[in-house]
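Raw contents of target.cif, mmCIF, C-alpha atoms and all ligand atoms:
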```cif
data_final
loop_
_atom_site.group_PDB
_atom_site.id
_atom_site.type_symbol
_atom_site.label_atom_id
_atom_site.label_comp_id
_atom_site.auth_asym_id
_atom_site.auth_seq_id
_atom_site.Cartn_x
_atom_site.Cartn_y
_atom_site.Cartn_z
ATOM 1 C CA MET A 281 23.487 38.326 -27.346
ATOM 2 C CA TYR A 282 23.341 37.840 -23.566
ATOM 3 C CA LYS A 283 19.510 37.805 -23.609
ATOM 4 C CA ILE A 284 19.439 35.267 -26.395
ATOM 5 C CA GLY A 285 21.766 33.081 -24.303
ATOM 6 C CA ILE A 286 19.344 33.185 -21.347
ATOM 7 C CA LEU A 287 16.399 32.470 -23.657
ATOM 8 C CA PHE A 288 18.236 29.482 -25.093
ATOM 9 C CA ILE A 289 18.948 28.098 -21.616
ATOM 10 C CA CYS A 290 15.273 28.503 -20.671
ATOM 11 C CA ILE A 291 14.144 26.586 -23.764
ATOM 12 C CA VAL A 292 16.595 23.773 -23.125
ATOM 13 C CA MET A 293 15.512 23.554 -19.482
ATOM 14 C CA GLY A 294 11.876 23.484 -20.619
ATOM 15 C CA ILE A 295 12.550 20.559 -22.912
ATOM 16 C CA ILE A 296 14.450 18.669 -20.224
ATOM 17 C CA SER A 297 11.715 19.128 -17.645
ATOM 18 C CA CYS A 298 9.051 17.952 -20.129
ATOM 19 C CA GLU A 299 11.026 14.827 -20.785
ATOM 20 C CA GLU A 300 11.307 14.229 -17.080
ATOM 21 C CA ASN A 301 7.533 14.479 -16.808
ATOM 22 C CA THR A 302 6.906 11.859 -19.444
ATOM 23 C CA SER A 303 9.380 9.457 -17.878
ATOM 24 C CA THR A 304 7.709 9.738 -14.444
ATOM 25 C CA LYS A 305 4.319 9.099 -16.115
ATOM 26 C CA LYS A 306 5.682 5.923 -17.680
ATOM 27 C CA LEU A 307 6.970 4.872 -14.287
ATOM 28 C CA LYS A 308 3.528 5.333 -12.796
ATOM 29 C CA GLU A 309 1.927 2.987 -15.324
ATOM 30 C CA ASN A 310 4.005 0.001 -14.257
ATOM 31 C CA ASP A 311 3.803 1.063 -10.616
ATOM 32 C CA CYS A 312 4.915 -1.655 -8.202
ATOM 33 C CA GLU A 313 5.072 -4.282 -10.961
ATOM 34 C CA LYS A 314 8.834 -4.150 -10.787
ATOM 35 C CA PRO A 315 10.506 -5.836 -7.810
ATOM 36 C CA THR A 316 10.707 -3.359 -4.959
ATOM 37 C CA ILE A 317 13.931 -1.568 -4.146
ATOM 38 C CA LYS A 318 16.502 -3.893 -2.599
ATOM 39 C CA ASP A 319 18.279 -1.389 -0.327
ATOM 40 C CA PRO A 320 16.335 -1.378 2.966
ATOM 41 C CA ASN A 321 17.320 2.263 3.515
ATOM 42 C CA GLU A 322 15.369 3.231 0.428
ATOM 43 C CA VAL A 323 12.078 1.729 1.574
ATOM 44 C CA LYS A 324 9.610 4.558 2.036
ATOM 45 C CA PRO A 325 7.521 4.699 5.219
ATOM 46 C CA MET A 326 4.311 3.709 3.388
ATOM 47 C CA ALA A 327 5.939 0.633 1.861
ATOM 48 C CA GLN A 328 7.407 -0.259 5.257
ATOM 49 C CA MET A 329 3.963 -0.072 6.883
ATOM 50 C CA MET A 330 2.534 -2.241 4.093
ATOM 51 C CA ARG A 331 5.159 -4.887 4.826
ATOM 52 C CA THR A 332 4.337 -4.740 8.532
ATOM 53 C CA MET A 333 0.619 -5.108 7.753
ATOM 54 C CA ALA A 334 1.284 -8.104 5.509
ATOM 55 C CA ASN A 335 3.306 -9.705 8.330
ATOM 56 C CA TYR A 336 0.526 -8.961 10.821
ATOM 57 C CA CYS A 337 -1.965 -10.591 8.485
ATOM 58 C CA ASP A 338 0.196 -13.719 8.133
ATOM 59 C CA THR A 339 0.103 -14.105 11.920
ATOM 60 C CA MET A 340 -3.526 -13.048 12.395
ATOM 61 C CA ARG A 341 -4.634 -15.537 9.769
ATOM 62 C CA LEU A 342 -3.064 -18.432 11.700
ATOM 63 C CA LYS A 343 -4.473 -17.240 15.033
ATOM 64 C CA ILE A 344 -7.990 -16.666 13.736
ATOM 65 C CA ASN A 345 -7.978 -20.103 12.111
ATOM 66 C CA LYS A 346 -7.164 -21.533 15.554
ATOM 67 C CA ASN A 347 -10.020 -19.471 17.032
ATOM 68 C CA GLU A 348 -7.581 -17.301 18.995
ATOM 69 C CA TRP A 349 -8.337 -13.613 19.539
ATOM 70 C CA VAL A 350 -6.429 -10.894 17.754
ATOM 71 C CA ASP A 351 -6.369 -7.385 19.188
ATOM 72 C CA SER A 352 -5.029 -3.931 18.444
ATOM 73 C CA VAL A 353 -2.316 -4.222 21.114
ATOM 74 C CA ALA A 354 -0.542 -6.996 19.193
ATOM 75 C CA PHE A 355 -1.641 -5.710 15.767
ATOM 76 C CA PRO A 356 -2.009 -1.917 15.859
ATOM 77 C CA LEU A 357 -3.610 -0.072 12.966
ATOM 78 C CA MET A 358 -0.980 1.227 10.518
ATOM 79 C CA PRO A 359 -1.924 4.747 9.389
ATOM 80 C CA PHE A 360 -0.164 4.246 6.054
ATOM 81 C CA TRP A 361 -2.312 6.886 4.319
ATOM 82 C CA SER A 362 -0.411 9.630 6.145
ATOM 83 C CA ALA A 363 3.041 8.075 5.523
ATOM 84 C CA GLU A 364 5.352 9.033 2.686
ATOM 85 C CA PRO A 365 4.840 6.779 -0.379
ATOM 86 C CA THR A 366 7.433 5.732 -2.965
ATOM 87 C CA ASP A 367 5.365 7.464 -5.641
ATOM 88 C CA SER A 368 3.450 10.503 -4.374
ATOM 89 C CA SER A 369 1.059 10.417 -7.349
ATOM 90 C CA VAL A 370 -0.923 7.706 -5.517
ATOM 91 C CA LEU A 371 -2.112 10.325 -3.025
ATOM 92 C CA GLU A 372 -5.431 11.113 -4.706
ATOM 93 C CA THR A 373 -9.109 10.875 -3.736
ATOM 94 C CA LEU A 374 -9.610 7.242 -4.781
ATOM 95 C CA PHE A 375 -6.604 6.186 -2.718
ATOM 96 C CA PHE A 376 -7.885 7.966 0.400
ATOM 97 C CA ASP A 377 -11.394 6.507 -0.125
ATOM 98 C CA ASN A 378 -9.865 3.035 -0.297
ATOM 99 C CA ALA A 379 -7.749 3.771 2.768
ATOM 100 C CA LYS A 380 -10.900 4.781 4.682
ATOM 101 C CA ARG A 381 -12.594 1.483 3.747
ATOM 102 C CA PHE A 382 -9.537 -0.356 5.010
ATOM 103 C CA GLU A 383 -9.452 1.655 8.259
ATOM 104 C CA ASN A 384 -13.151 0.997 8.971
ATOM 105 C CA ALA A 385 -12.787 -2.727 8.269
ATOM 106 C CA TYR A 386 -9.665 -2.939 10.447
ATOM 107 C CA ARG A 387 -11.279 -1.127 13.371
ATOM 108 C CA LYS A 388 -14.263 -3.441 13.132
ATOM 109 C CA LEU A 389 -11.976 -6.502 13.235
ATOM 110 C CA MET A 390 -10.386 -5.214 16.438
ATOM 111 C CA GLN A 391 -13.650 -4.190 18.100
ATOM 112 C CA ASP A 392 -16.069 -6.989 17.264
ATOM 113 C CA GLN A 393 -14.429 -10.179 18.496
ATOM 114 C CA ASN A 394 -17.490 -12.346 17.890
ATOM 115 C CA HIS A 395 -17.137 -12.182 14.125
ATOM 116 C CA GLN A 396 -13.379 -12.289 13.652
ATOM 117 C CA LYS A 397 -13.484 -14.602 10.640
ATOM 118 C CA GLU A 398 -15.905 -12.465 8.647
ATOM 119 C CA ASN A 399 -14.212 -9.261 9.769
ATOM 120 C CA TYR A 400 -10.736 -10.478 8.869
ATOM 121 C CA THR A 401 -11.981 -11.572 5.443
ATOM 122 C CA ALA A 402 -13.459 -8.090 4.972
ATOM 123 C CA VAL A 403 -10.074 -6.489 5.806
ATOM 124 C CA ILE A 404 -8.285 -8.611 3.199
ATOM 125 C CA ALA A 405 -10.944 -7.632 0.654
ATOM 126 C CA THR A 406 -10.016 -3.970 1.218
ATOM 127 C CA CYS A 407 -6.316 -4.766 0.614
ATOM 128 C CA VAL A 408 -7.246 -6.473 -2.666
ATOM 129 C CA HIS A 409 -9.622 -3.677 -3.630
ATOM 130 C CA CYS A 410 -7.005 -0.946 -3.306
ATOM 131 C CA HIS A 411 -4.258 -3.027 -4.885
ATOM 132 C CA ASN A 412 -6.417 -3.676 -7.927
ATOM 133 C CA SER A 413 -6.384 0.085 -8.551
ATOM 134 C CA TYR A 414 -2.913 1.057 -7.377
ATOM 135 C CA CYS A 415 -0.208 -1.495 -7.288
ATOM 136 C CA SER A 416 -0.953 -4.983 -8.419
ATOM 137 C CA GLY A 417 2.514 -6.481 -7.731
ATOM 138 C CA PRO A 418 1.846 -7.238 -4.014
ATOM 139 C CA LEU A 419 -1.405 -9.064 -4.923
ATOM 140 C CA ARG A 420 0.674 -12.240 -5.189
ATOM 141 C CA ARG A 421 1.519 -11.816 -1.515
ATOM 142 C CA ILE A 422 -1.996 -10.694 -0.552
ATOM 143 C CA LYS A 423 -3.513 -13.773 -2.256
ATOM 144 C CA LYS A 424 -1.888 -15.852 0.512
ATOM 145 C CA LEU A 425 -3.651 -13.982 3.305
ATOM 146 C CA PRO A 426 -7.249 -15.287 3.165
ATOM 147 C CA LEU A 427 -8.220 -17.701 5.956
ATOM 148 C CA ASP A 428 -8.771 -20.623 3.571
ATOM 149 C CA TYR A 429 -5.479 -20.198 1.661
ATOM 150 C CA LYS A 430 -3.636 -23.531 1.425
ATOM 151 C CA GLU A 431 0.197 -23.436 1.332
HETATM 152 C C1 LIG B 501 -5.609 2.501 0.091
HETATM 153 C C2 LIG B 501 -4.808 1.637 -0.727
HETATM 154 C C3 LIG B 501 -4.127 0.441 -0.131
HETATM 155 C C4 LIG B 501 -4.611 -0.459 0.802
HETATM 156 C C5 LIG B 501 -5.962 -0.479 1.506
HETATM 157 C C6 LIG B 501 -3.566 -1.424 1.006
HETATM 158 N N1 LIG B 501 -2.474 -1.122 0.226
HETATM 159 FE FE1 LIG B 501 -0.709 -2.151 0.165
HETATM 160 N N2 LIG B 501 0.099 -0.725 -1.025
HETATM 161 C C7 LIG B 501 -0.565 0.392 -1.504
HETATM 162 C C8 LIG B 501 0.386 1.255 -2.158
HETATM 163 C C9 LIG B 501 0.089 2.593 -2.814
HETATM 164 C C10 LIG B 501 1.647 0.617 -2.071
HETATM 165 C C11 LIG B 501 3.013 1.145 -2.528
HETATM 166 C C12 LIG B 501 3.648 1.807 -1.292
HETATM 167 C C13 LIG B 501 4.993 2.414 -1.518
HETATM 168 O O1 LIG B 501 5.768 1.865 -2.312
HETATM 169 O O2 LIG B 501 5.303 3.440 -0.874
HETATM 170 C C14 LIG B 501 1.423 -0.641 -1.376
HETATM 171 C C15 LIG B 501 2.405 -1.594 -1.139
HETATM 172 C C16 LIG B 501 2.190 -2.826 -0.535
HETATM 173 C C17 LIG B 501 3.164 -3.875 -0.408
HETATM 174 C C18 LIG B 501 4.582 -3.840 -0.951
HETATM 175 C C19 LIG B 501 5.481 -3.112 0.054
HETATM 176 C C20 LIG B 501 6.941 -3.166 -0.372
HETATM 177 O O3 LIG B 501 7.612 -4.114 0.001
HETATM 178 O O4 LIG B 501 7.354 -2.267 -1.108
HETATM 179 C C21 LIG B 501 2.557 -4.911 0.276
HETATM 180 C C22 LIG B 501 3.178 -6.254 0.656
HETATM 181 C C23 LIG B 501 1.208 -4.485 0.580
HETATM 182 N N3 LIG B 501 1.007 -3.220 0.063
HETATM 183 C C24 LIG B 501 0.300 -5.247 1.288
HETATM 184 C C25 LIG B 501 -0.944 -4.766 1.709
HETATM 185 C C26 LIG B 501 -1.811 -5.493 2.635
HETATM 186 C C27 LIG B 501 -1.528 -6.846 3.237
HETATM 187 C C28 LIG B 501 -2.922 -4.703 2.795
HETATM 188 C C29 LIG B 501 -4.116 -4.949 3.677
HETATM 189 C C30 LIG B 501 -3.859 -5.344 5.046
HETATM 190 C C31 LIG B 501 -2.744 -3.511 1.974
HETATM 191 N N4 LIG B 501 -1.539 -3.596 1.342
HETATM 192 C C32 LIG B 501 -3.672 -2.492 1.871
HETATM 193 C C33 LIG B 501 -1.910 0.661 -1.377
HETATM 194 C C34 LIG B 501 -2.765 0.013 -0.485
#
```
Written as structure tokens, that's how I'd like the structure from this file.
Amino acid sequence: MYKIGILFICIVMGIISCEENTSTKKLKENDCEKPTIKDPNEVKPMAQMMRTMANYCDTMRLKINKNEWVDSVAFPLMPFWSAEPTDSSVLETLFFDNAKRFENAYRKLMQDQNHQKENYTAVIATCVHCHNSYCSGPLRRIKKLPLDYKE
């Protein structure tokens, strides 16, 4: 009788954990489409770095359009790929490949000051590229970052 009780509990737990799995899968499909969490304490480090990068880009865009220099002292590289994400299922090969593209483009922007316009445009292309695969919600924000965007 006791053993049957344990067995029963195991089966019930099995069913519950399966259901949990399917609900997290569903969550992943609409990834980032929903408005992000309102409570600032709940913002994960990766999301926080993304916000910082978007703010940097807002400022860099204006400076570069005025032919002012941007550098890595004012706009340091955000190593978001090693920060905790809201949804850890993004941490897969494609994500890290995209992150590497971004890192290379960003380093180039900071190192090669003679081609800031082209290099900045290339950085924004890597944001768009990754967001097309992972979380399309912020694309609305990213669409405002190109140099020729008109308010
Ligand atoms: C390698 C993939 C990748 C690249 C490159 C990338 N992002 Fe993201 N971005 C993500 C992922 C994944 C999230 C979700 C992060 C989270 O919620 O923890 C995100 C979230 C965001 C958010 C929403 C943050 C919030 O408020 O929750 C913004 C805004 C954003 N990214 C802007 C940018 C900008 C601007 C760039 C380029 C400068 C960029 N991203 C480059 C993958 C990427």
Protein and nucleic acid residues within 8 Å of ligand LIG 501 (chain B) (all atoms listed in the file) as a PDB file with C-alpha atoms, in the frame of the given file:
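Contents of selection13.pdb, freshly written:
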```
ATOM      1  CA  CYS A 312       4.915  -1.655  -8.202  1.00  0.00           C
ATOM      2  CA  THR A 316      10.707  -3.359  -4.959  1.00  0.00           C
ATOM      3  CA  ILE A 317      13.931  -1.568  -4.146  1.00  0.00           C
ATOM      4  CA  VAL A 323      12.078   1.729   1.574  1.00  0.00           C
ATOM      5  CA  LYS A 324       9.610   4.558   2.036  1.00  0.00           C
ATOM      6  CA  PRO A 325       7.521   4.699   5.219  1.00  0.00           C
ATOM      7  CA  MET A 326       4.311   3.709   3.388  1.00  0.00           C
ATOM      8  CA  ALA A 327       5.939   0.633   1.861  1.00  0.00           C
ATOM      9  CA  GLN A 328       7.407  -0.259   5.257  1.00  0.00           C
ATOM     10  CA  MET A 329       3.963  -0.072   6.883  1.00  0.00           C
ATOM     11  CA  MET A 330       2.534  -2.241   4.093  1.00  0.00           C
ATOM     12  CA  ARG A 331       5.159  -4.887   4.826  1.00  0.00           C
ATOM     13  CA  MET A 333       0.619  -5.108   7.753  1.00  0.00           C
ATOM     14  CA  ALA A 334       1.284  -8.104   5.509  1.00  0.00           C
ATOM     15  CA  ASN A 335       3.306  -9.705   8.330  1.00  0.00           C
ATOM     16  CA  CYS A 337      -1.965 -10.591   8.485  1.00  0.00           C
ATOM     17  CA  TRP A 361      -2.312   6.886   4.319  1.00  0.00           C
ATOM     18  CA  GLU A 364       5.352   9.033   2.686  1.00  0.00           C
ATOM     19  CA  PRO A 365       4.840   6.779  -0.379  1.00  0.00           C
ATOM     20  CA  THR A 366       7.433   5.732  -2.965  1.00  0.00           C
ATOM     21  CA  ASP A 367       5.365   7.464  -5.641  1.00  0.00           C
ATOM     22  CA  VAL A 370      -0.923   7.706  -5.517  1.00  0.00           C
ATOM     23  CA  LEU A 374      -9.610   7.242  -4.781  1.00  0.00           C
ATOM     24  CA  PHE A 375      -6.604   6.186  -2.718  1.00  0.00           C
ATOM     25  CA  PHE A 376      -7.885   7.966   0.400  1.00  0.00           C
ATOM     26  CA  ASP A 377     -11.394   6.507  -0.125  1.00  0.00           C
ATOM     27  CA  ASN A 378      -9.865   3.035  -0.297  1.00  0.00           C
ATOM     28  CA  ALA A 379      -7.749   3.771   2.768  1.00  0.00           C
ATOM     29  CA  LYS A 380     -10.900   4.781   4.682  1.00  0.00           C
ATOM     30  CA  ARG A 381     -12.594   1.483   3.747  1.00  0.00           C
ATOM     31  CA  PHE A 382      -9.537  -0.356   5.010  1.00  0.00           C
ATOM     32  CA  GLU A 383      -9.452   1.655   8.259  1.00  0.00           C
ATOM     33  CA  VAL A 403     -10.074  -6.489   5.806  1.00  0.00           C
ATOM     34  CA  ILE A 404      -8.285  -8.611   3.199  1.00  0.00           C
ATOM     35  CA  ALA A 405     -10.944  -7.632   0.654  1.00  0.00           C
ATOM     36  CA  THR A 406     -10.016  -3.970   1.218  1.00  0.00           C
ATOM     37  CA  CYS A 407      -6.316  -4.766   0.614  1.00  0.00           C
ATOM     38  CA  VAL A 408      -7.246  -6.473  -2.666  1.00  0.00           C
ATOM     39  CA  HIS A 409      -9.622  -3.677  -3.630  1.00  0.00           C
ATOM     40  CA  CYS A 410      -7.005  -0.946  -3.306  1.00  0.00           C
ATOM     41  CA  HIS A 411      -4.258  -3.027  -4.885  1.00  0.00           C
ATOM     42  CA  TYR A 414      -2.913   1.057  -7.377  1.00  0.00           C
ATOM     43  CA  CYS A 415      -0.208  -1.495  -7.288  1.00  0.00           C
ATOM     44  CA  GLY A 417       2.514  -6.481  -7.731  1.00  0.00           C
ATOM     45  CA  PRO A 418       1.846  -7.238  -4.014  1.00  0.00           C
ATOM     46  CA  LEU A 419      -1.405  -9.064  -4.923  1.00  0.00           C
ATOM     47  CA  ARG A 421       1.519 -11.816  -1.515  1.00  0.00           C
ATOM     48  CA  ILE A 422      -1.996 -10.694  -0.552  1.00  0.00           C
ATOM     49  CA  LEU A 425      -3.651 -13.982   3.305  1.00  0.00           C
TER      50      LEU A 425
END
```
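Our summary of the geometry notes that atom CA of Glu372 of chain A is positioned 15.2 Å from atom CA of Asn412 of chain A.
For the file at hand, the PyMOL selection byres (((chain A and resi 390-395) around 10) and not hetatm) resolves to Glu348, Trp349, Val350, Asp351, Ser352, Val353, Phe355, Pro356, Leu357, Ala385, Tyr386, Arg387, Lys388, Leu389, Gln396, Lys397, Glu398, Asn399 and Tyr400 of chain A.
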>> One number please: atom CA of Lys423 of chain A to atom CA of Ala402 of chain A, in Å, one decimal.
In response: 13.5 Å
Work out where the centre of an axis-aligned box around every listed atom of segment 358-370 of chain A lies and how long its edges are once 4 Å is added on each side; give both in Å to one decimal as AutoDock Vina command-line options.
```
--center_x 2.6 --center_y 5.9 --center_z 1.6 --size_x 17.7 --size_y 17.3 --size_z 25.9
```
>> So the first atom is atom CA of Leu342 of chain A and the second is atom CA of Met358 of chain A; what is the distance between them in Å, to one decimal place?
In response: 19.8 Å
